[in-house]
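Shown next: work-v6.pdb, containing PDB, C-alpha atoms and all ligand atoms.
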```pdb
ATOM      1  CA  MET A   1      -3.922  18.348   2.761  1.00  0.00           C
ATOM      2  CA  ASN A   2      -5.960  19.462   5.804  1.00  0.00           C
ATOM      3  CA  ASP A   3      -9.127  18.048   4.300  1.00  0.00           C
ATOM      4  CA  ILE A   4      -7.827  14.470   4.238  1.00  0.00           C
ATOM      5  CA  LYS A   5     -10.058  12.149   6.252  1.00  0.00           C
ATOM      6  CA  ARG A   6      -9.120   8.718   4.957  1.00  0.00           C
ATOM      7  CA  VAL A   7      -5.952   7.281   3.402  1.00  0.00           C
ATOM      8  CA  ILE A   8      -4.805   3.852   2.316  1.00  0.00           C
ATOM      9  CA  LEU A   9      -1.113   3.176   2.915  1.00  0.00           C
ATOM     10  CA  LYS A  10       0.840   0.775   0.730  1.00  0.00           C
ATOM     11  CA  LEU A  11       3.925  -0.972   2.049  1.00  0.00           C
ATOM     12  CA  SER A  12       5.872  -3.226  -0.253  1.00  0.00           C
ATOM     13  CA  GLY A  13       6.645  -6.708   1.030  1.00  0.00           C
ATOM     14  CA  GLU A  14      10.379  -6.137   0.614  1.00  0.00           C
ATOM     15  CA  ALA A  15      10.250  -2.931   2.652  1.00  0.00           C
ATOM     16  CA  LEU A  16       9.249  -4.930   5.723  1.00  0.00           C
ATOM     17  CA  SER A  17      12.672  -6.483   6.020  1.00  0.00           C
ATOM     18  CA  GLY A  18      14.383  -3.051   6.079  1.00  0.00           C
ATOM     19  CA  ASP A  19      18.156  -3.359   5.798  1.00  0.00           C
ATOM     20  CA  LYS A  20      17.978  -7.057   6.702  1.00  0.00           C
ATOM     21  CA  LYS A  21      17.685  -9.026   3.491  1.00  0.00           C
ATOM     22  CA  SER A  22      14.855 -11.303   4.683  1.00  0.00           C
ATOM     23  CA  GLY A  23      12.290 -11.706   7.426  1.00  0.00           C
ATOM     24  CA  TYR A  24      10.818  -8.717   9.231  1.00  0.00           C
ATOM     25  CA  ASP A  25      12.542  -5.671  10.680  1.00  0.00           C
ATOM     26  CA  ASP A  26      10.436  -5.286  13.837  1.00  0.00           C
ATOM     27  CA  GLU A  27      11.928  -1.926  14.759  1.00  0.00           C
ATOM     28  CA  LEU A  28      11.004  -0.507  11.366  1.00  0.00           C
ATOM     29  CA  ILE A  29       7.457  -1.908  11.617  1.00  0.00           C
ATOM     30  CA  MET A  30       7.115  -0.471  15.153  1.00  0.00           C
ATOM     31  CA  ASP A  31       8.183   2.894  13.797  1.00  0.00           C
ATOM     32  CA  ILE A  32       5.542   2.627  11.056  1.00  0.00           C
ATOM     33  CA  ALA A  33       2.972   1.737  13.761  1.00  0.00           C
ATOM     34  CA  GLY A  34       3.965   4.834  15.749  1.00  0.00           C
ATOM     35  CA  GLN A  35       3.475   7.041  12.703  1.00  0.00           C
ATOM     36  CA  VAL A  36       0.124   5.429  11.866  1.00  0.00           C
ATOM     37  CA  LYS A  37      -0.966   6.029  15.480  1.00  0.00           C
ATOM     38  CA  GLN A  38      -0.177   9.747  15.155  1.00  0.00           C
ATOM     39  CA  ILE A  39      -2.311   9.902  12.005  1.00  0.00           C
ATOM     40  CA  ILE A  40      -5.214   8.003  13.596  1.00  0.00           C
ATOM     41  CA  ASP A  41      -5.028  10.257  16.660  1.00  0.00           C
ATOM     42  CA  LYS A  42      -5.700  13.198  14.321  1.00  0.00           C
ATOM     43  CA  GLY A  43      -8.983  11.513  13.368  1.00  0.00           C
ATOM     44  CA  ILE A  44      -7.812  10.267   9.952  1.00  0.00           C
ATOM     45  CA  ASN A  45      -8.823   6.729   8.913  1.00  0.00           C
ATOM     46  CA  VAL A  46      -5.911   4.519   7.867  1.00  0.00           C
ATOM     47  CA  GLY A  47      -6.192   1.392   5.738  1.00  0.00           C
ATOM     48  CA  VAL A  48      -3.077  -0.665   4.964  1.00  0.00           C
ATOM     49  CA  VAL A  49      -2.200  -2.824   1.965  1.00  0.00           C
ATOM     50  CA  ILE A  50       1.015  -4.856   1.973  1.00  0.00           C
ATOM     51  CA  GLY A  51       2.653  -6.552  -0.996  1.00  0.00           C
ATOM     52  CA  GLY A  52       3.961 -10.089  -0.960  1.00  0.00           C
ATOM     53  CA  GLY A  53       7.232  -9.784  -2.855  1.00  0.00           C
ATOM     54  CA  ASN A  54       9.328 -10.733   0.189  1.00  0.00           C
ATOM     55  CA  TYR A  55       7.787 -14.220  -0.025  1.00  0.00           C
ATOM     56  CA  TRP A  56       6.622 -14.758  -3.573  1.00  0.00           C
ATOM     57  CA  ARG A  57       5.779 -13.233  -6.944  1.00  0.00           C
ATOM     58  CA  GLY A  58       3.297 -15.158  -9.070  1.00  0.00           C
ATOM     59  CA  ARG A  59       4.648 -14.040 -12.435  1.00  0.00           C
ATOM     60  CA  SER A  60       8.238 -14.975 -11.549  1.00  0.00           C
ATOM     61  CA  ASN A  61       7.440 -18.676 -11.437  1.00  0.00           C
ATOM     62  CA  ASP A  62       7.246 -20.473 -14.799  1.00  0.00           C
ATOM     63  CA  ASN A  63       7.083 -24.012 -13.451  1.00  0.00           C
ATOM     64  CA  ILE A  64       3.516 -23.978 -12.178  1.00  0.00           C
ATOM     65  CA  ASP A  65       0.198 -22.679 -13.412  1.00  0.00           C
ATOM     66  CA  ARG A  66      -0.003 -18.854 -13.135  1.00  0.00           C
ATOM     67  CA  THR A  67      -3.331 -18.892 -11.302  1.00  0.00           C
ATOM     68  CA  LYS A  68      -1.904 -21.196  -8.623  1.00  0.00           C
ATOM     69  CA  ALA A  69       1.289 -19.155  -8.408  1.00  0.00           C
ATOM     70  CA  ASP A  70      -0.789 -16.002  -7.904  1.00  0.00           C
ATOM     71  CA  GLN A  71      -2.822 -17.729  -5.203  1.00  0.00           C
ATOM     72  CA  ILE A  72       0.429 -18.349  -3.325  1.00  0.00           C
ATOM     73  CA  GLY A  73       1.248 -14.650  -3.787  1.00  0.00           C
ATOM     74  CA  MET A  74      -2.118 -13.610  -2.346  1.00  0.00           C
ATOM     75  CA  LEU A  75      -1.564 -15.864   0.658  1.00  0.00           C
ATOM     76  CA  ALA A  76       1.857 -14.246   1.118  1.00  0.00           C
ATOM     77  CA  THR A  77       0.196 -10.839   1.436  1.00  0.00           C
ATOM     78  CA  ILE A  78      -2.051 -12.259   4.162  1.00  0.00           C
ATOM     79  CA  MET A  79       0.948 -13.581   6.114  1.00  0.00           C
ATOM     80  CA  ASN A  80       2.525 -10.126   5.923  1.00  0.00           C
ATOM     81  CA  CYS A  81      -0.677  -8.461   7.125  1.00  0.00           C
ATOM     82  CA  ILE A  82      -1.041 -10.875  10.062  1.00  0.00           C
ATOM     83  CA  TYR A  83       2.530 -10.146  11.144  1.00  0.00           C
ATOM     84  CA  VAL A  84       2.332  -6.381  10.761  1.00  0.00           C
ATOM     85  CA  SER A  85      -1.112  -6.252  12.378  1.00  0.00           C
ATOM     86  CA  GLU A  86       0.289  -8.030  15.450  1.00  0.00           C
ATOM     87  CA  ILE A  87       3.213  -5.599  15.707  1.00  0.00           C
ATOM     88  CA  PHE A  88       0.738  -2.704  15.350  1.00  0.00           C
ATOM     89  CA  ARG A  89      -1.326  -4.197  18.213  1.00  0.00           C
ATOM     90  CA  SER A  90       1.788  -4.497  20.362  1.00  0.00           C
ATOM     91  CA  GLN A  91       2.150  -0.721  19.876  1.00  0.00           C
ATOM     92  CA  GLY A  92      -1.373   0.003  21.119  1.00  0.00           C
ATOM     93  CA  LEU A  93      -3.249   0.177  17.813  1.00  0.00           C
ATOM     94  CA  LYS A  94      -6.562  -1.566  17.216  1.00  0.00           C
ATOM     95  CA  THR A  95      -6.523  -3.549  13.977  1.00  0.00           C
ATOM     96  CA  ASN A  96      -8.573  -5.866  11.811  1.00  0.00           C
ATOM     97  CA  ILE A  97      -7.673  -7.813   8.680  1.00  0.00           C
ATOM     98  CA  LEU A  98     -10.138  -8.120   5.810  1.00  0.00           C
ATOM     99  CA  THR A  99      -9.680 -10.482   2.860  1.00  0.00           C
ATOM    100  CA  PRO A 100     -11.708 -10.826  -0.360  1.00  0.00           C
ATOM    101  CA  PHE A 101     -12.117 -14.580   0.339  1.00  0.00           C
ATOM    102  CA  GLU A 102     -12.767 -16.605   3.511  1.00  0.00           C
ATOM    103  CA  CYS A 103      -9.694 -17.527   5.569  1.00  0.00           C
ATOM    104  CA  GLY A 104     -11.504 -19.210   8.447  1.00  0.00           C
ATOM    105  CA  SER A 105     -10.809 -17.534  11.764  1.00  0.00           C
ATOM    106  CA  MET A 106      -7.630 -15.828  10.539  1.00  0.00           C
ATOM    107  CA  THR A 107      -9.247 -12.848   8.825  1.00  0.00           C
ATOM    108  CA  LYS A 108     -12.720 -11.466   8.166  1.00  0.00           C
ATOM    109  CA  LEU A 109     -14.408 -11.321   4.794  1.00  0.00           C
ATOM    110  CA  PHE A 110     -14.137  -7.885   3.139  1.00  0.00           C
ATOM    111  CA  SER A 111     -17.197  -5.767   2.667  1.00  0.00           C
ATOM    112  CA  LYS A 112     -17.445  -2.009   2.330  1.00  0.00           C
ATOM    113  CA  ASP A 113     -19.827  -1.811   5.305  1.00  0.00           C
ATOM    114  CA  ARG A 114     -17.509  -3.870   7.508  1.00  0.00           C
ATOM    115  CA  ALA A 115     -14.487  -1.775   6.582  1.00  0.00           C
ATOM    116  CA  ASN A 116     -16.415   1.425   7.327  1.00  0.00           C
ATOM    117  CA  LYS A 117     -17.562   0.017  10.683  1.00  0.00           C
ATOM    118  CA  TYR A 118     -13.934  -0.664  11.695  1.00  0.00           C
ATOM    119  CA  PHE A 119     -12.780   2.738  10.468  1.00  0.00           C
ATOM    120  CA  GLU A 120     -15.502   4.375  12.586  1.00  0.00           C
ATOM    121  CA  LYS A 121     -14.074   2.540  15.613  1.00  0.00           C
ATOM    122  CA  GLY A 122     -10.626   4.046  14.952  1.00  0.00           C
ATOM    123  CA  MET A 123      -9.135   0.727  13.857  1.00  0.00           C
ATOM    124  CA  VAL A 124      -6.381   0.266  11.291  1.00  0.00           C
ATOM    125  CA  VAL A 125      -7.939  -1.884   8.587  1.00  0.00           C
ATOM    126  CA  PHE A 126      -5.587  -4.220   6.710  1.00  0.00           C
ATOM    127  CA  PHE A 127      -6.747  -5.193   3.230  1.00  0.00           C
ATOM    128  CA  ALA A 128      -4.969  -8.512   2.673  1.00  0.00           C
ATOM    129  CA  GLY A 129      -5.171 -10.978  -0.209  1.00  0.00           C
ATOM    130  CA  GLY A 130      -5.133  -8.304  -2.931  1.00  0.00           C
ATOM    131  CA  THR A 131      -8.179  -8.328  -5.181  1.00  0.00           C
ATOM    132  CA  GLY A 132      -8.686 -12.049  -4.602  1.00  0.00           C
ATOM    133  CA  HIS A 133      -8.027 -12.701  -8.294  1.00  0.00           C
ATOM    134  CA  PRO A 134      -4.967 -13.915 -10.193  1.00  0.00           C
ATOM    135  CA  TYR A 135      -3.288 -11.686 -12.797  1.00  0.00           C
ATOM    136  CA  PHE A 136      -3.723  -8.685 -10.499  1.00  0.00           C
ATOM    137  CA  SER A 137      -1.390  -7.167  -7.923  1.00  0.00           C
ATOM    138  CA  THR A 138      -1.610  -5.404  -4.594  1.00  0.00           C
ATOM    139  CA  ASP A 139      -1.246  -2.185  -6.629  1.00  0.00           C
ATOM    140  CA  THR A 140      -4.609  -2.893  -8.222  1.00  0.00           C
ATOM    141  CA  GLY A 141      -5.863  -4.102  -4.837  1.00  0.00           C
ATOM    142  CA  ILE A 142      -5.033  -0.836  -3.107  1.00  0.00           C
ATOM    143  CA  VAL A 143      -6.537   1.345  -5.838  1.00  0.00           C
ATOM    144  CA  LEU A 144      -9.707  -0.750  -5.816  1.00  0.00           C
ATOM    145  CA  ARG A 145     -10.089  -0.436  -2.029  1.00  0.00           C
ATOM    146  CA  ALA A 146      -9.224   3.269  -2.061  1.00  0.00           C
ATOM    147  CA  ILE A 147     -11.863   3.962  -4.711  1.00  0.00           C
ATOM    148  CA  GLU A 148     -14.649   1.871  -3.223  1.00  0.00           C
ATOM    149  CA  LEU A 149     -14.006   3.195   0.301  1.00  0.00           C
ATOM    150  CA  ASP A 150     -13.877   6.834  -0.881  1.00  0.00           C
ATOM    151  CA  ALA A 151     -10.329   7.399   0.370  1.00  0.00           C
ATOM    152  CA  ASP A 152      -8.901  10.876  -0.200  1.00  0.00           C
ATOM    153  CA  ALA A 153      -5.464   9.626  -1.268  1.00  0.00           C
ATOM    154  CA  ILE A 154      -3.196   6.619  -1.536  1.00  0.00           C
ATOM    155  CA  LEU A 155       0.102   6.854   0.347  1.00  0.00           C
ATOM    156  CA  LEU A 156       2.817   4.887  -1.438  1.00  0.00           C
ATOM    157  CA  ALA A 157       5.749   4.321   0.931  1.00  0.00           C
ATOM    158  CA  LYS A 158       8.582   3.066  -1.270  1.00  0.00           C
ATOM    159  CA  ALA A 159      12.252   2.208  -1.196  1.00  0.00           C
ATOM    160  CA  ILE A 160      12.736   5.299  -3.417  1.00  0.00           C
ATOM    161  CA  ASP A 161      11.764   8.818  -2.271  1.00  0.00           C
ATOM    162  CA  GLY A 162       9.436   9.814  -5.108  1.00  0.00           C
ATOM    163  CA  VAL A 163       8.745   9.606  -8.825  1.00  0.00           C
ATOM    164  CA  TYR A 164      11.718  10.172 -11.178  1.00  0.00           C
ATOM    165  CA  ASP A 165      11.849  10.698 -14.949  1.00  0.00           C
ATOM    166  CA  SER A 166      14.165   7.670 -15.182  1.00  0.00           C
ATOM    167  CA  ASP A 167      15.635   5.125 -12.773  1.00  0.00           C
ATOM    168  CA  PRO A 168      18.094   7.023 -10.504  1.00  0.00           C
ATOM    169  CA  LYS A 169      19.990   3.778  -9.858  1.00  0.00           C
ATOM    170  CA  ILE A 170      20.819   3.627 -13.582  1.00  0.00           C
ATOM    171  CA  ASN A 171      20.784   7.346 -14.502  1.00  0.00           C
ATOM    172  CA  PRO A 172      22.580   9.596 -11.971  1.00  0.00           C
ATOM    173  CA  LYS A 173      20.988  12.632 -13.686  1.00  0.00           C
ATOM    174  CA  ALA A 174      17.451  11.327 -13.137  1.00  0.00           C
ATOM    175  CA  LYS A 175      15.093  14.141 -12.094  1.00  0.00           C
ATOM    176  CA  LYS A 176      12.588  13.814  -9.282  1.00  0.00           C
ATOM    177  CA  TYR A 177       9.136  15.315  -9.775  1.00  0.00           C
ATOM    178  CA  ASP A 178       7.512  17.280  -6.932  1.00  0.00           C
ATOM    179  CA  LYS A 179       4.247  16.938  -8.757  1.00  0.00           C
ATOM    180  CA  ILE A 180       3.149  15.007 -11.830  1.00  0.00           C
ATOM    181  CA  SER A 181      -0.247  14.167 -13.297  1.00  0.00           C
ATOM    182  CA  ILE A 182      -1.434  10.575 -13.462  1.00  0.00           C
ATOM    183  CA  THR A 183      -1.910  11.076 -17.221  1.00  0.00           C
ATOM    184  CA  ASP A 184       1.831  11.803 -17.557  1.00  0.00           C
ATOM    185  CA  VAL A 185       2.648   8.792 -15.352  1.00  0.00           C
ATOM    186  CA  VAL A 186       0.654   6.601 -17.764  1.00  0.00           C
ATOM    187  CA  ASP A 187       1.908   8.287 -20.963  1.00  0.00           C
ATOM    188  CA  LYS A 188       5.545   8.158 -19.897  1.00  0.00           C
ATOM    189  CA  HIS A 189       5.245   4.617 -18.490  1.00  0.00           C
ATOM    190  CA  LEU A 190       6.844   5.779 -15.238  1.00  0.00           C
ATOM    191  CA  GLY A 191       5.915   2.602 -13.377  1.00  0.00           C
ATOM    192  CA  VAL A 192       4.944   4.248 -10.076  1.00  0.00           C
ATOM    193  CA  ILE A 193       2.305   1.581  -9.769  1.00  0.00           C
ATOM    194  CA  ASP A 194       1.456  -0.985 -12.397  1.00  0.00           C
ATOM    195  CA  MET A 195      -0.389   0.092 -15.541  1.00  0.00           C
ATOM    196  CA  THR A 196      -3.778  -1.399 -14.618  1.00  0.00           C
ATOM    197  CA  ALA A 197      -3.662   0.374 -11.247  1.00  0.00           C
ATOM    198  CA  SER A 198      -2.511   3.657 -12.863  1.00  0.00           C
ATOM    199  CA  VAL A 199      -5.415   3.629 -15.305  1.00  0.00           C
ATOM    200  CA  MET A 200      -7.845   2.928 -12.447  1.00  0.00           C
ATOM    201  CA  CYS A 201      -6.443   5.959 -10.577  1.00  0.00           C
ATOM    202  CA  MET A 202      -6.780   8.081 -13.696  1.00  0.00           C
ATOM    203  CA  GLU A 203     -10.364   7.027 -14.449  1.00  0.00           C
ATOM    204  CA  ASN A 204     -11.505   7.375 -10.844  1.00  0.00           C
ATOM    205  CA  LYS A 205      -9.468  10.447  -9.898  1.00  0.00           C
ATOM    206  CA  MET A 206      -7.562   8.892  -7.036  1.00  0.00           C
ATOM    207  CA  PRO A 207      -4.400  10.892  -6.156  1.00  0.00           C
ATOM    208  CA  LEU A 208      -1.187   9.293  -4.931  1.00  0.00           C
ATOM    209  CA  MET A 209       1.501  10.537  -2.586  1.00  0.00           C
ATOM    210  CA  VAL A 210       4.805   8.767  -3.242  1.00  0.00           C
ATOM    211  CA  PHE A 211       7.658   8.973  -0.727  1.00  0.00           C
ATOM    212  CA  GLY A 212      10.546   7.055   0.828  1.00  0.00           C
ATOM    213  CA  LEU A 213       9.686   4.714   3.679  1.00  0.00           C
ATOM    214  CA  ASN A 214      13.164   4.980   5.169  1.00  0.00           C
ATOM    215  CA  GLU A 215      13.022   8.774   5.546  1.00  0.00           C
ATOM    216  CA  LYS A 216      12.269   9.648   9.170  1.00  0.00           C
ATOM    217  CA  ASP A 217       8.578  10.357   9.839  1.00  0.00           C
ATOM    218  CA  SER A 218       7.810  10.270   6.115  1.00  0.00           C
ATOM    219  CA  ILE A 219       4.305   8.839   6.567  1.00  0.00           C
ATOM    220  CA  VAL A 220       3.297  11.520   9.083  1.00  0.00           C
ATOM    221  CA  ASN A 221       5.025  14.234   7.049  1.00  0.00           C
ATOM    222  CA  ALA A 222       3.072  13.231   3.946  1.00  0.00           C
ATOM    223  CA  LEU A 223      -0.060  14.487   5.706  1.00  0.00           C
ATOM    224  CA  SER A 224       1.356  17.450   7.582  1.00  0.00           C
ATOM    225  CA  GLY A 225       2.698  19.723   4.853  1.00  0.00           C
ATOM    226  CA  LYS A 226       6.328  18.628   5.300  1.00  0.00           C
ATOM    227  CA  PHE A 227       5.994  16.340   2.331  1.00  0.00           C
ATOM    228  CA  ASN A 228       9.200  15.680   0.428  1.00  0.00           C
ATOM    229  CA  GLY A 229       8.046  13.114  -2.127  1.00  0.00           C
ATOM    230  CA  THR A 230       5.974  13.332  -5.324  1.00  0.00           C
ATOM    231  CA  ILE A 231       2.275  14.105  -5.529  1.00  0.00           C
ATOM    232  CA  VAL A 232       0.568  12.353  -8.424  1.00  0.00           C
ATOM    233  CA  THR A 233      -2.384  14.586  -9.302  1.00  0.00           C
ATOM    234  CA  VAL A 234      -5.578  13.623 -11.077  1.00  0.00           C
ATOM    235  CA  ASP A 235      -6.822  16.924 -12.576  1.00  0.00           C
TER     236      ASP A 235
HETATM  237  N1  LIG B   1      -1.518 -11.274  -6.303  1.00  0.00           N
HETATM  238  C1  LIG B   1      -2.573 -11.650  -7.118  1.00  0.00           C
HETATM  239  N2  LIG B   1      -3.719 -10.878  -7.115  1.00  0.00           N
HETATM  240  C2  LIG B   1      -3.850  -9.763  -6.364  1.00  0.00           C
HETATM  241  C3  LIG B   1      -2.751  -9.379  -5.550  1.00  0.00           C
HETATM  242  C4  LIG B   1      -1.591 -10.151  -5.532  1.00  0.00           C
HETATM  243  O1  LIG B   1      -2.517 -12.649  -7.819  1.00  0.00           O
HETATM  244  O2  LIG B   1      -4.911  -9.114  -6.413  1.00  0.00           O
HETATM  245  C5  LIG B   1      -0.316 -12.150  -6.229  1.00  0.00           C
HETATM  246  C6  LIG B   1       0.638 -12.035  -7.417  1.00  0.00           C
HETATM  247  O3  LIG B   1       1.168 -13.318  -7.630  1.00  0.00           O
HETATM  248  C7  LIG B   1       1.731 -11.108  -6.898  1.00  0.00           C
HETATM  249  C8  LIG B   1       1.821 -11.516  -5.441  1.00  0.00           C
HETATM  250  O4  LIG B   1       0.446 -11.814  -5.088  1.00  0.00           O
HETATM  251  O5  LIG B   1       2.966 -11.329  -7.546  1.00  0.00           O
HETATM  252  C9  LIG B   1       2.357 -10.480  -4.506  1.00  0.00           C
HETATM  253  O6  LIG B   1       1.668  -9.240  -4.665  1.00  0.00           O
HETATM  254  P1  LIG B   1       2.468  -7.904  -5.008  1.00  0.00           P
HETATM  255  O7  LIG B   1       1.518  -6.840  -5.331  1.00  0.00           O
HETATM  256  O8  LIG B   1       3.486  -7.683  -3.941  1.00  0.00           O
HETATM  257  O9  LIG B   1       3.178  -8.352  -6.306  1.00  0.00           O
HETATM  258  P2  LIG B   1       4.197  -7.657  -7.288  1.00  0.00           P
HETATM  259  O10 LIG B   1       3.394  -6.799  -8.221  1.00  0.00           O
HETATM  260  O11 LIG B   1       5.151  -6.857  -6.439  1.00  0.00           O
HETATM  261  O12 LIG B   1       4.756  -8.868  -7.938  1.00  0.00           O
END
```
Taking this structure as input, can you express it in the form of structure tokens?
Ligand code: UDP
Amino acid sequence: MNDIKRVILKLSGEALSGDKKSGYDDELIMDIAGQVKQIIDKGINVGVVIGGGNYWRGRSNDNIDRTKADQIGMLATIMNCIYVSEIFRSQGLKTNILTPFECGSMTKLFSKDRANKYFEKGMVVFFAGGTGHPYFSTDTGIVLRAIELDADAILLAKAIDGVYDSDPKINPKAKKYDKISITDVVDKHLGVIDMTASVMCMENKMPLMVFGLNEKDSIVNALSGKFNGTIVTVD
């Protein structure tokens, strides 16, 4: 993994509250910032995508129009990015937040050139607001950004420490993969990321590194050979 120059890190919305059931676990986010700083200091570009599940999930609400519910979800991802970006800044990182639609003075409009300009300046670039379209997710958002910005890999920091052949919470004999191809992930419906995002990874050859966020130094380790999660390959 020595040839990695650019990664996009995905944090789920729920992960931000750590062991607390709601809100933000600032200590955890500061720890993430510290790890991201170590990666940036090695000259690797880091983009960040954050889910919105701690606030809202569009498809879980049947009482209002799906498009409107998804718009609320996209706004939730922006709130998460604003919060995490501020904690990152408090830890000495330079950050910027890009969204696929105008949010006044709160974020800047995404473009590939703008993102590249910020990466060149050593900034952490937050990609908030998903794809900007309903019926998608931040999984599709991250794959889209990773592909168009020529990232070398997507880092998926999850509540679980890798990809299993079945849910280890339900099946105590579930087996963790060290390595699995994206074709197998799709064929076996392993749900690492949603199906649309998986197919995009497969078609565009974007590898994934899946690991547990609550394992010490797991983000740094993912890029330093001490990786303990699952690599989703694209060959
Ligand atoms: N969302 C959307 N389009 C996107 C990204 C997100 O509509 O491109 C909405 C959708 O309602 C989703 C919510 O934002 O439920 C939060 O995003 P996340 O990816 O965390 O959703 P999840 O797949 O976990 O529900």
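Considering all atoms listed in the file, the residue among A:Val220, A:Cys103, A:Val143, A:Leu109 positioned nearest to ligand LIG 1 (chain B) is A:Val143.
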Which chain A residues have any atom within 8 Å of an atom of ligand LIG 1 (chain B), and for each, what is the nearest pair of atoms with distance in Å to one decimal, counting all atoms listed in the file, rows sorted by chain and number, as CSV?
```
residue,atom,partner,partner_atom,distance
A:Ser12,CA,B:LIG1,O8,6.3
A:Gly13,CA,B:LIG1,O8,6.0
A:Ile50,CA,B:LIG1,O8,7.0
A:Gly51,CA,B:LIG1,O8,3.3
A:Gly52,CA,B:LIG1,O8,3.9
A:Gly53,CA,B:LIG1,O8,4.4
A:Asn54,CA,B:LIG1,O8,7.8
A:Tyr55,CA,B:LIG1,C9,8.0
A:Trp56,CA,B:LIG1,C8,6.1
A:Arg57,CA,B:LIG1,O5,3.4
A:Gly58,CA,B:LIG1,O3,3.2
A:Arg59,CA,B:LIG1,O5,5.8
A:Ser60,CA,B:LIG1,O5,7.6
A:Arg66,CA,B:LIG1,O3,7.9
A:Thr67,CA,B:LIG1,O1,7.2
A:Ala69,CA,B:LIG1,O3,5.9
A:Asp70,CA,B:LIG1,O3,3.3
A:Gln71,CA,B:LIG1,O1,5.7
A:Ile72,CA,B:LIG1,O3,6.7
A:Gly73,CA,B:LIG1,O4,3.2
A:Met74,CA,B:LIG1,O4,4.2
A:Leu75,CA,B:LIG1,O4,7.3
A:Ala76,CA,B:LIG1,C9,6.8
A:Thr77,CA,B:LIG1,C9,6.3
A:Gly129,CA,B:LIG1,C3,6.1
A:Gly130,CA,B:LIG1,O2,3.6
A:Thr131,CA,B:LIG1,O2,3.6
A:Gly132,CA,B:LIG1,O2,5.1
A:His133,CA,B:LIG1,N2,4.8
A:Pro134,CA,B:LIG1,O1,3.6
A:Tyr135,CA,B:LIG1,O1,5.1
A:Phe136,CA,B:LIG1,N2,4.0
A:Ser137,CA,B:LIG1,C3,3.5
A:Thr138,CA,B:LIG1,O7,3.5
A:Asp139,CA,B:LIG1,O7,5.6
A:Thr140,CA,B:LIG1,O2,6.5
A:Gly141,CA,B:LIG1,O2,5.3
A:Asp194,CA,B:LIG1,O10,7.4
```
Grab the residues selected above and save them as a short mmCIF file (atom, residue, chain, number, x, y, z; two decimals), in the coordinates of the input with C-alpha atoms.
```
data_model
loop_
_atom_site.label_atom_id
_atom_site.label_comp_id
_atom_site.auth_asym_id
_atom_site.auth_seq_id
_atom_site.Cartn_x
_atom_site.Cartn_y
_atom_site.Cartn_z
CA SER A 12 5.87 -3.23 -0.25
CA GLY A 13 6.64 -6.71 1.03
CA ILE A 50 1.01 -4.86 1.97
CA GLY A 51 2.65 -6.55 -1.00
CA GLY A 52 3.96 -10.09 -0.96
CA GLY A 53 7.23 -9.78 -2.86
CA ASN A 54 9.33 -10.73 0.19
CA TYR A 55 7.79 -14.22 -0.02
CA TRP A 56 6.62 -14.76 -3.57
CA ARG A 57 5.78 -13.23 -6.94
CA GLY A 58 3.30 -15.16 -9.07
CA ARG A 59 4.65 -14.04 -12.44
CA SER A 60 8.24 -14.98 -11.55
CA ARG A 66 0.00 -18.85 -13.14
CA THR A 67 -3.33 -18.89 -11.30
CA ALA A 69 1.29 -19.16 -8.41
CA ASP A 70 -0.79 -16.00 -7.90
CA GLN A 71 -2.82 -17.73 -5.20
CA ILE A 72 0.43 -18.35 -3.32
CA GLY A 73 1.25 -14.65 -3.79
CA MET A 74 -2.12 -13.61 -2.35
CA LEU A 75 -1.56 -15.86 0.66
CA ALA A 76 1.86 -14.25 1.12
CA THR A 77 0.20 -10.84 1.44
CA GLY A 129 -5.17 -10.98 -0.21
CA GLY A 130 -5.13 -8.30 -2.93
CA THR A 131 -8.18 -8.33 -5.18
CA GLY A 132 -8.69 -12.05 -4.60
CA HIS A 133 -8.03 -12.70 -8.29
CA PRO A 134 -4.97 -13.92 -10.19
CA TYR A 135 -3.29 -11.69 -12.80
CA PHE A 136 -3.72 -8.68 -10.50
CA SER A 137 -1.39 -7.17 -7.92
CA THR A 138 -1.61 -5.40 -4.59
CA ASP A 139 -1.25 -2.18 -6.63
CA THR A 140 -4.61 -2.89 -8.22
CA GLY A 141 -5.86 -4.10 -4.84
CA ASP A 194 1.46 -0.98 -12.40
#
```
List the residues matched by the PyMOL selection byres (((chain A and resi 99) around 7) and not hetatm) in the displayed structure as a PDB file with C-alpha atoms, in the coordinates of the input, ordered by chain and then by residue number.
```
ATOM      1  CA  ILE A  97      -7.673  -7.813   8.680  1.00  0.00           C
ATOM      2  CA  LEU A  98     -10.138  -8.120   5.810  1.00  0.00           C
ATOM      3  CA  PRO A 100     -11.708 -10.826  -0.360  1.00  0.00           C
ATOM      4  CA  PHE A 101     -12.117 -14.580   0.339  1.00  0.00           C
ATOM      5  CA  GLU A 102     -12.767 -16.605   3.511  1.00  0.00           C
ATOM      6  CA  THR A 107      -9.247 -12.848   8.825  1.00  0.00           C
ATOM      7  CA  LYS A 108     -12.720 -11.466   8.166  1.00  0.00           C
ATOM      8  CA  LEU A 109     -14.408 -11.321   4.794  1.00  0.00           C
ATOM      9  CA  PHE A 110     -14.137  -7.885   3.139  1.00  0.00           C
ATOM     10  CA  PHE A 127      -6.747  -5.193   3.230  1.00  0.00           C
ATOM     11  CA  ALA A 128      -4.969  -8.512   2.673  1.00  0.00           C
ATOM     12  CA  GLY A 129      -5.171 -10.978  -0.209  1.00  0.00           C
TER      13      GLY A 129
END
```
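Between CA of Lys21 (chain A) and CA of Leu190 (chain A) the interatomic distance comes to 26.2 Å.
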**Request:** Determine, counting all atoms listed in the file, which protein, DNA and RNA residues have an atom within 6 Å of an atom of region 164-179 of chain A; residues of the same chain fewer than 3 positions away are not included. Present the result as a ChimeraX atom specification.
**Result:** /A:230-232
**Fill in**
Closest of A:Ile160, A:Asp150, A:Ser198, A:Gly104 to Leu213 (chain A), counting only C-alpha atoms, is A:Ile160
**Request:** Rank A:Lys37, A:His189, A:Arg6, A:Lys158 by their smallest atom-to-atom distance to Leu93 (chain A), using only C-alpha atoms, and report the top residue only.
**Result:**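 Ranked by minimum distance to Leu93 (chain A), first place goes to A:Lys37.
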